[in-house]
$ cat final-v3.pdb   # PDB, C-alpha atoms
ATOM      1  CA  MET A   1    -117.747   5.988  72.217
ATOM      2  CA  SER A   2    -114.389   5.919  70.460
ATOM      3  CA  ASN A   3    -111.459   5.591  72.848
ATOM      4  CA  THR A   4    -107.817   6.613  72.511
ATOM      5  CA  ALA A   5    -104.936   5.096  74.482
ATOM      6  CA  ILE A   6    -101.659   6.994  74.692
ATOM      7  CA  LEU A   7     -98.472   5.040  75.351
ATOM      8  CA  VAL A   8     -95.306   6.918  76.320
ATOM      9  CA  ASP A   9     -91.773   5.536  76.232
ATOM     10  CA  GLY A  10     -90.519   7.305  79.349
ATOM     11  CA  ALA A  11     -86.791   7.267  78.596
ATOM     12  CA  PHE A  12     -87.430   8.727  75.138
ATOM     13  CA  PHE A  13     -89.865  11.328  76.457
ATOM     14  CA  LEU A  14     -87.465  12.545  79.161
ATOM     15  CA  ALA A  15     -84.585  12.789  76.681
ATOM     16  CA  ARG A  16     -86.698  14.903  74.300
ATOM     17  CA  TYR A  17     -88.209  16.952  77.128
ATOM     18  CA  ARG A  18     -85.032  18.968  77.662
ATOM     19  CA  LYS A  19     -84.943  19.924  73.970
ATOM     20  CA  VAL A  20     -88.645  20.515  73.425
ATOM     21  CA  TRP A  21     -89.403  22.414  76.641
ATOM     22  CA  SER A  22     -86.004  23.978  77.201
ATOM     23  CA  GLU A  23     -87.542  26.814  79.220
ATOM     24  CA  ARG A  24     -88.949  24.408  81.818
ATOM     25  CA  ASP A  25     -87.095  22.871  84.735
ATOM     26  CA  ALA A  26     -86.424  19.297  83.621
ATOM     27  CA  ASN A  27     -85.748  18.349  87.254
ATOM     28  CA  ASP A  28     -89.204  19.411  88.470
ATOM     29  CA  ALA A  29     -91.016  16.068  88.634
ATOM     30  CA  ARG A  30     -94.444  17.608  89.190
ATOM     31  CA  THR A  31     -94.148  19.774  86.082
ATOM     32  CA  VAL A  32     -92.881  16.884  83.977
ATOM     33  CA  ALA A  33     -95.790  14.673  85.079
ATOM     34  CA  LYS A  34     -98.312  17.396  84.270
ATOM     35  CA  THR A  35     -96.657  17.859  80.877
ATOM     36  CA  VAL A  36     -97.259  14.182  80.063
ATOM     37  CA  PHE A  37    -100.960  14.600  80.802
ATOM     38  CA  GLY A  38    -101.133  17.914  78.951
ATOM     39  CA  MET A  39     -99.535  16.394  75.869
ATOM     40  CA  ALA A  40    -102.157  13.632  75.886
ATOM     41  CA  LEU A  41    -104.942  16.230  75.887
ATOM     42  CA  GLU A  42    -103.253  18.067  73.019
ATOM     43  CA  HIS A  43    -103.335  14.871  70.990
ATOM     44  CA  LEU A  44    -107.066  14.503  71.561
ATOM     45  CA  LYS A  45    -107.598  18.126  70.602
ATOM     46  CA  ALA A  46    -105.572  17.707  67.391
ATOM     47  CA  LEU A  47    -107.674  14.659  66.497
ATOM     48  CA  ASP A  48    -110.917  16.495  67.299
ATOM     49  CA  ARG A  49    -111.788  14.047  70.068
ATOM     50  CA  PRO A  50    -113.301  14.992  73.456
ATOM     51  CA  ARG A  51    -111.412  14.533  76.716
ATOM     52  CA  GLU A  52    -113.825  11.744  77.590
ATOM     53  CA  SER A  53    -112.363   9.662  74.761
ATOM     54  CA  LEU A  54    -109.061   9.285  76.635
ATOM     55  CA  TYR A  55    -108.981   5.657  77.715
ATOM     56  CA  ARG A  56    -105.709   5.829  79.617
ATOM     57  CA  ILE A  57    -102.131   7.114  79.464
ATOM     58  CA  PHE A  58     -99.503   4.396  79.864
ATOM     59  CA  PHE A  59     -96.041   5.595  80.927
ATOM     60  CA  TYR A  60     -93.173   3.103  80.640
ATOM     61  CA  ASP A  61     -89.958   3.570  82.588
ATOM     62  CA  CYS A  62     -87.499   1.862  84.933
ATOM     63  CA  PRO A  63     -86.827   2.466  88.621
ATOM     64  CA  PRO A  64     -83.610   4.378  89.307
ATOM     65  CA  LEU A  65     -80.324   2.624  89.882
ATOM     66  CA  GLU A  66     -80.007   1.701  93.565
ATOM     67  CA  LYS A  67     -76.429   0.566  93.885
ATOM     68  CA  ARG A  68     -73.047   1.728  95.134
ATOM     69  CA  PHE A  69     -70.214   1.834  92.595
ATOM     70  CA  VAL A  70     -66.514   2.659  92.781
ATOM     71  CA  ARG A  71     -65.612   5.333  90.249
ATOM     72  CA  PRO A  72     -63.292   4.014  87.506
ATOM     73  CA  ILE A  73     -60.568   6.668  87.693
ATOM     74  CA  SER A  74     -60.584   8.240  91.153
ATOM     75  CA  GLY A  75     -61.644   5.124  93.023
ATOM     76  CA  GLU A  76     -64.199   7.156  94.991
ATOM     77  CA  SER A  77     -67.426   5.476  96.044
ATOM     78  CA  ILE A  78     -70.790   6.735  94.809
ATOM     79  CA  ASP A  79     -74.253   5.620  95.907
ATOM     80  CA  PHE A  80     -76.451   6.077  92.827
ATOM     81  CA  GLY A  81     -79.575   5.617  94.923
ATOM     82  CA  ARG A  82     -78.867   8.959  96.592
ATOM     83  CA  THR A  83     -78.034  10.983  93.489
ATOM     84  CA  PRO A  84     -80.302  13.820  92.283
ATOM     85  CA  ALA A  85     -81.137  11.734  89.193
ATOM     86  CA  ALA A  86     -82.438   8.870  91.347
ATOM     87  CA  GLU A  87     -84.411  11.237  93.560
ATOM     88  CA  PHE A  88     -85.990  12.818  90.488
ATOM     89  CA  ARG A  89     -86.994   9.450  89.041
ATOM     90  CA  ARG A  90     -88.623   8.339  92.283
ATOM     91  CA  ASP A  91     -90.454  11.648  92.604
ATOM     92  CA  LEU A  92     -91.575  11.518  88.971
ATOM     93  CA  HIS A  93     -93.001   8.033  89.368
ATOM     94  CA  ASP A  94     -94.856   9.157  92.486
ATOM     95  CA  GLN A  95     -96.266  12.185  90.650
ATOM     96  CA  LEU A  96     -97.341  10.050  87.705
ATOM     97  CA  ARG A  97     -99.193   7.641  89.983
ATOM     98  CA  ARG A  98    -101.202  10.594  91.277
ATOM     99  CA  GLN A  99    -102.281  11.697  87.799
ATOM    100  CA  ARG A 100    -105.772  10.826  86.666
ATOM    101  CA  LYS A 101    -106.052   8.271  83.833
ATOM    102  CA  MET A 102    -102.374   7.351  84.235
ATOM    103  CA  ALA A 103    -100.911   3.840  84.395
ATOM    104  CA  LEU A 104     -97.236   3.538  85.322
ATOM    105  CA  ARG A 105     -95.497   0.480  83.876
ATOM    106  CA  LEU A 106     -92.028  -0.190  85.291
ATOM    107  CA  GLY A 107     -89.400  -2.449  83.777
ATOM    108  CA  ARG A 108     -86.023  -3.075  85.337
ATOM    109  CA  LEU A 109     -82.400  -2.097  84.872
ATOM    110  CA  ALA A 110     -80.085  -4.912  83.836
ATOM    111  CA  GLU A 111     -76.441  -4.583  84.811
ATOM    112  CA  ARG A 112     -74.025  -5.555  82.047
ATOM    113  CA  GLY A 113     -70.873  -4.376  83.744
ATOM    114  CA  GLU A 114     -69.811  -1.504  85.946
ATOM    115  CA  TRP A 115     -68.745   1.366  83.696
ATOM    116  CA  LYS A 116     -68.668   2.299  80.044
ATOM    117  CA  LEU A 117     -67.410   5.297  78.115
ATOM    118  CA  LYS A 118     -69.996   7.946  77.398
ATOM    119  CA  TYR A 119     -70.783   8.354  73.712
ATOM    120  CA  HIS A 120     -69.303  11.856  73.410
ATOM    121  CA  ALA A 121     -66.078  10.730  75.133
ATOM    122  CA  LEU A 122     -65.734   7.846  72.690
ATOM    123  CA  GLN A 123     -66.200  10.245  69.788
ATOM    124  CA  GLN A 124     -63.553  12.583  71.201
ATOM    125  CA  LEU A 125     -61.091   9.711  71.518
ATOM    126  CA  ARG A 126     -61.757   8.746  67.921
ATOM    127  CA  ASP A 127     -61.306  12.239  66.506
ATOM    128  CA  GLY A 128     -58.235  12.935  68.632
ATOM    129  CA  THR A 129     -59.656  15.803  70.729
ATOM    130  CA  LEU A 130     -59.271  13.685  73.862
ATOM    131  CA  ASP A 131     -56.307  11.536  74.901
ATOM    132  CA  SER A 132     -56.692   8.369  76.941
ATOM    133  CA  ASP A 133     -54.536   9.844  79.722
ATOM    134  CA  GLN A 134     -57.040  12.722  80.011
ATOM    135  CA  LEU A 135     -59.961  10.453  80.874
ATOM    136  CA  GLY A 136     -61.697  11.211  84.155
ATOM    137  CA  ASP A 137     -64.690   9.934  86.078
ATOM    138  CA  GLU A 138     -66.920  12.341  84.180
ATOM    139  CA  HIS A 139     -66.249  10.485  80.926
ATOM    140  CA  PHE A 140     -67.847   7.261  82.191
ATOM    141  CA  GLU A 141     -71.384   6.144  83.024
ATOM    142  CA  PRO A 142     -72.855   2.959  84.533
ATOM    143  CA  ASP A 143     -73.215   0.164  81.988
ATOM    144  CA  MET A 144     -76.952  -0.454  82.274
ATOM    145  CA  ARG A 145     -79.825  -1.129  79.934
ATOM    146  CA  GLN A 146     -83.573  -1.169  80.304
ATOM    147  CA  THR A 147     -85.319  -4.523  80.100
ATOM    148  CA  GLN A 148     -88.995  -5.488  79.960
ATOM    149  CA  VAL A 149     -90.076  -2.015  78.819
ATOM    150  CA  ASP A 150     -90.481  -2.905  75.127
ATOM    151  CA  MET A 151     -92.180  -6.145  76.134
ATOM    152  CA  LYS A 152     -94.680  -4.302  78.345
ATOM    153  CA  ILE A 153     -95.446  -1.866  75.529
ATOM    154  CA  GLY A 154     -96.045  -4.743  73.146
ATOM    155  CA  VAL A 155     -98.246  -6.639  75.616
ATOM    156  CA  ASP A 156    -100.385  -3.556  76.288
ATOM    157  CA  ILE A 157    -100.806  -2.839  72.573
ATOM    158  CA  ALA A 158    -101.886  -6.450  72.022
ATOM    159  CA  ALA A 159    -104.333  -6.391  74.954
ATOM    160  CA  LEU A 160    -105.862  -3.072  73.907
ATOM    161  CA  SER A 161    -106.265  -4.339  70.357
ATOM    162  CA  TYR A 162    -107.577  -7.852  70.978
ATOM    163  CA  LYS A 163    -110.007  -6.747  73.700
ATOM    164  CA  LYS A 164    -111.292  -3.857  71.552
ATOM    165  CA  LEU A 165    -110.785  -1.468  74.441
ATOM    166  CA  VAL A 166    -109.788   1.353  72.091
ATOM    167  CA  ASP A 167    -110.016   2.152  68.410
ATOM    168  CA  GLN A 168    -106.937   4.369  68.395
ATOM    169  CA  ILE A 169    -103.436   4.141  69.881
ATOM    170  CA  ILE A 170    -100.892   6.951  70.015
ATOM    171  CA  LEU A 171     -97.337   5.854  70.757
ATOM    172  CA  VAL A 172     -94.772   8.412  71.908
ATOM    173  CA  ALA A 173     -91.463   6.805  70.941
ATOM    174  CA  GLY A 174     -88.474   7.266  68.701
ATOM    175  CA  ASP A 175     -87.239   3.853  67.543
ATOM    176  CA  ALA A 176     -88.479   1.000  65.401
ATOM    177  CA  ASP A 177     -88.918  -1.583  68.172
ATOM    178  CA  PHE A 178     -92.663  -0.974  68.097
ATOM    179  CA  ILE A 179     -93.167  -2.222  64.507
ATOM    180  CA  PRO A 180     -94.373  -5.790  65.296
ATOM    181  CA  ALA A 181     -96.880  -4.462  67.837
ATOM    182  CA  ALA A 182     -98.019  -1.730  65.448
ATOM    183  CA  MET A 183     -98.594  -4.287  62.717
ATOM    184  CA  LEU A 184    -100.699  -6.383  65.083
ATOM    185  CA  ALA A 185    -102.784  -3.378  66.140
ATOM    186  CA  ARG A 186    -103.421  -2.326  62.561
ATOM    187  CA  ASP A 187    -104.443  -5.866  61.641
ATOM    188  CA  GLU A 188    -107.075  -5.559  64.390
ATOM    189  CA  GLY A 189    -108.392  -2.345  62.886
ATOM    190  CA  ILE A 190    -106.698   0.060  65.307
ATOM    191  CA  ASP A 191    -105.746   3.523  64.083
ATOM    192  CA  PHE A 192    -102.050   3.627  65.051
ATOM    193  CA  ILE A 193    -100.354   7.028  65.337
ATOM    194  CA  LEU A 194     -96.704   7.693  66.147
ATOM    195  CA  ASP A 195     -95.537  10.798  68.020
ATOM    196  CA  PRO A 196     -91.728  11.114  67.739
ATOM    197  CA  MET A 197     -91.793  14.578  69.370
ATOM    198  CA  TRP A 198     -90.405  16.098  66.166
ATOM    199  CA  GLN A 199     -87.495  13.692  66.001
ATOM    200  CA  GLY A 200     -86.898  12.355  62.507
ATOM    201  CA  ILE A 201     -87.871   8.776  61.715
ATOM    202  CA  ALA A 202     -86.688   6.344  59.070
ATOM    203  CA  PRO A 203     -88.713   6.667  55.831
ATOM    204  CA  ASP A 204     -89.747   3.000  55.857
ATOM    205  CA  LEU A 205     -91.476   3.402  59.243
ATOM    206  CA  HIS A 206     -94.323   5.265  57.573
ATOM    207  CA  GLU A 207     -95.680   2.035  56.106
ATOM    208  CA  HIS A 208     -96.230   0.612  59.598
ATOM    209  CA  ILE A 209     -98.252   3.504  61.053
ATOM    210  CA  ASP A 210    -101.484   5.273  60.162
ATOM    211  CA  GLY A 211    -100.256   8.737  60.963
ATOM    212  CA  LEU A 212     -97.442  10.883  62.320
ATOM    213  CA  GLN A 213     -98.375  13.571  64.829
ATOM    214  CA  SER A 214     -96.252  15.636  67.210
ATOM    215  CA  VAL A 215     -98.119  18.117  69.427
ATOM    216  CA  CYS A 216     -95.277  19.451  71.551
ATOM    217  CA  PRO A 217     -93.395  22.662  70.596
ATOM    218  CA  ARG A 218     -91.024  22.125  67.720
ATOM    219  CA  PRO A 219     -87.411  22.673  68.856
ATOM    220  CA  PHE A 220     -85.159  24.823  66.729
TER     221      PHE A 220
END
$ encode --input "final-v3.pdb" --output "structure tokens"
Amino acid sequence: MSNTAILVDGAFFLARYRKVWSERDANDARTVAKTVFGMALEHLKALDRPRESLYRIFFYDCPPLEKRFVRPISGESIDFGRTPAAEFRRDLHDQLRRQRKMALRLGRLAERGEWKLKYHALQQLRDGTLDSDQLGDEHFEPDMRQTQVDMKIGVDIAALSYKKLVDQIILVAGDADFIPAAMLARDEGIDFILDPMWQGIAPDLHEHIDGLQSVCPRPF
């Protein structure tokens, strides 16, 4: 039987979730986890494949930040491990582990510093709508980046391809980091489909995939 593996870049999925399913509570971990599974089934339906063809859903994310920081302006202390965002991430990972046919792959957060300006605050400083003396704690965010996530995606794509575990891979992602892995999979005869959840992609990415398919509601 033909098998389909669905790989989901968690950070990308959660960012798009608020735009695509704006009517849903983005802080309800159980609903978000069920949405991941539901989206996988929609892909199979769109490709005219039975549910039994689902090999596995791989969800890639990082554990929440578990560290105490001193805010850059007020000097107040904040324990990020006890924030609602951290609680949601832990709950989401727990809910995902409970889902059938789901494999949770966790990378790690690498600390590059303590704080950095949020993108919109930097833009406001540049266009003059915000003065430096108006900066507050709300204009900063922890200076972190995900590591190992892209590597885990690439390793799984290689393993699925070389071991002939599937004949089709659907990747839910929005950047071009997947290109080397996609090229490898296609060289092994894998049908490689990208789901950017209706986000636009660079024109040259089309040459590295076999199809483009978004099954979630299209945001206005």
$ atom_distance --input "final-v3.pdb" --atom1 "CA of Leu41 in chain A" --atom2 "CA of Pro217 in chain A"
14.2 Å
$ resolve_selection --input "final-v3.pdb" --expression "the PyMOL selection byres ((chain A and resi 91) around 12)" --output "number ranges by chain"
A: 27-33, 63-64, 84-90, 92-98
$ atom_distance --input "final-v3.pdb" --atom1 "CA of Ala46 in chain A" --atom2 "CA of Asp195 in chain A"
12.2 Å
$ resolve_selection --input "final-v3.pdb" --expression "the PyMOL selection byres ((chain A and resi 184) around 10)" --output "list of chain:residue names"
A:Gly154, A:Ile157, A:Ala158, A:Ser161, A:Tyr162, A:Ile179, A:Pro180, A:Ala181, A:Ala182, A:Met183, A:Ala185, A:Arg186, A:Asp187, A:Glu188, A:Gly189, A:Ile190, A:His208
$ closest_residue --input "final-v3.pdb" --among "A:Leu165, A:Val36, A:Leu205, A:Ala176" --to "Gln99 in chain A" --atoms "all atoms listed in the file"
A:Val36
$ atom_distance --input "final-v3.pdb" --atom1 "CA of Gly211 in chain A" --atom2 "CA of Arg16 in chain A"
20.0 Å
$ closest_residue --input "final-v3.pdb" --among "A:Gly128, A:Leu171, A:His206, A:Glu52" --to "Leu194 in chain A" --atoms "all atoms listed in the file"
A:Leu171
$ closest_residue --input "final-v3.pdb" --among "A:Ala121, A:Thr83, A:Lys45, A:Val8" --to "Phe178 in chain A" --atoms "only C-alpha atoms"
A:Val8
$ resolve_selection --input "final-v3.pdb" --expression "the PyMOL selection byres ((chain A and resi 146) around 6)" --output "ChimeraX atom specification"
/A:108-109,145,147
$ write_last_selection --input "final-v3.pdb" --atoms "C-alpha atoms" --output "compact mmCIF listing (two decimals), in the coordinates of the input"
# COMPACT_ATOMS: atom_id res chain seq x y z
CA ARG A 108 -86.02 -3.08 85.34
CA LEU A 109 -82.40 -2.10 84.87
CA ARG A 145 -79.82 -1.13 79.93
CA THR A 147 -85.32 -4.52 80.10
$ residues_around --input "final-v3.pdb" --residues "Arg56 in chain A" --least-positions-apart "3" --cutoff "10 Å" --atoms "all atoms listed in the file" --output "PDB file with C-alpha atoms, in the coordinates of the input"
ATOM      1  CA  ASN A   3    -111.459   5.591  72.848  1.00  0.00           C
ATOM      2  CA  THR A   4    -107.817   6.613  72.511  1.00  0.00           C
ATOM      3  CA  ALA A   5    -104.936   5.096  74.482  1.00  0.00           C
ATOM      4  CA  ILE A   6    -101.659   6.994  74.692  1.00  0.00           C
ATOM      5  CA  LEU A   7     -98.472   5.040  75.351  1.00  0.00           C
ATOM      6  CA  ALA A  40    -102.157  13.632  75.886  1.00  0.00           C
ATOM      7  CA  SER A  53    -112.363   9.662  74.761  1.00  0.00           C
ATOM      8  CA  PHE A  59     -96.041   5.595  80.927  1.00  0.00           C
ATOM      9  CA  ARG A 100    -105.772  10.826  86.666  1.00  0.00           C
ATOM     10  CA  LYS A 101    -106.052   8.271  83.833  1.00  0.00           C
ATOM     11  CA  MET A 102    -102.374   7.351  84.235  1.00  0.00           C
ATOM     12  CA  ALA A 103    -100.911   3.840  84.395  1.00  0.00           C
ATOM     13  CA  VAL A 166    -109.788   1.353  72.091  1.00  0.00           C
TER      14      VAL A 166
END
$ axis_aligned_box --input "final-v3.pdb" --around "range 10-23 of chain A" --padding-each-side "4 Å" --output "lines of an AutoDock Vina configuration file"
center_x = -87.6
center_y = 17.0
center_z = 76.4
size_x = 13.9
size_y = 27.5
size_z = 13.9
$ closest_residue --input "final-v3.pdb" --among "A:Val20, A:Lys163, A:Ile73, A:Asp25" --to "Gln134 in chain A" --atoms "all atoms listed in the file"
A:Ile73
$ closest_residue --input "final-v3.pdb" --among "A:Leu47, A:Phe69, A:Val149, A:Ser22" --to "Asp191 in chain A" --atoms "all atoms listed in the file"
A:Leu47
$ closest_residue --input "final-v3.pdb" --among "A:Ser74, A:Lys19, A:Trp115, A:Phe37" --to "Phe220 in chain A" --atoms "only C-alpha atoms"
A:Lys19
$ residues_near_point --input "final-v3.pdb" --point "(-61.0, 5.9, 85.6)" --cutoff "8 Å" --atoms "all atoms listed in the file" --output "list in words"
Arg71, Pro72, Ile73, Ser74, Gly75, Leu135, Gly136, Asp137 and Phe140 of chain A
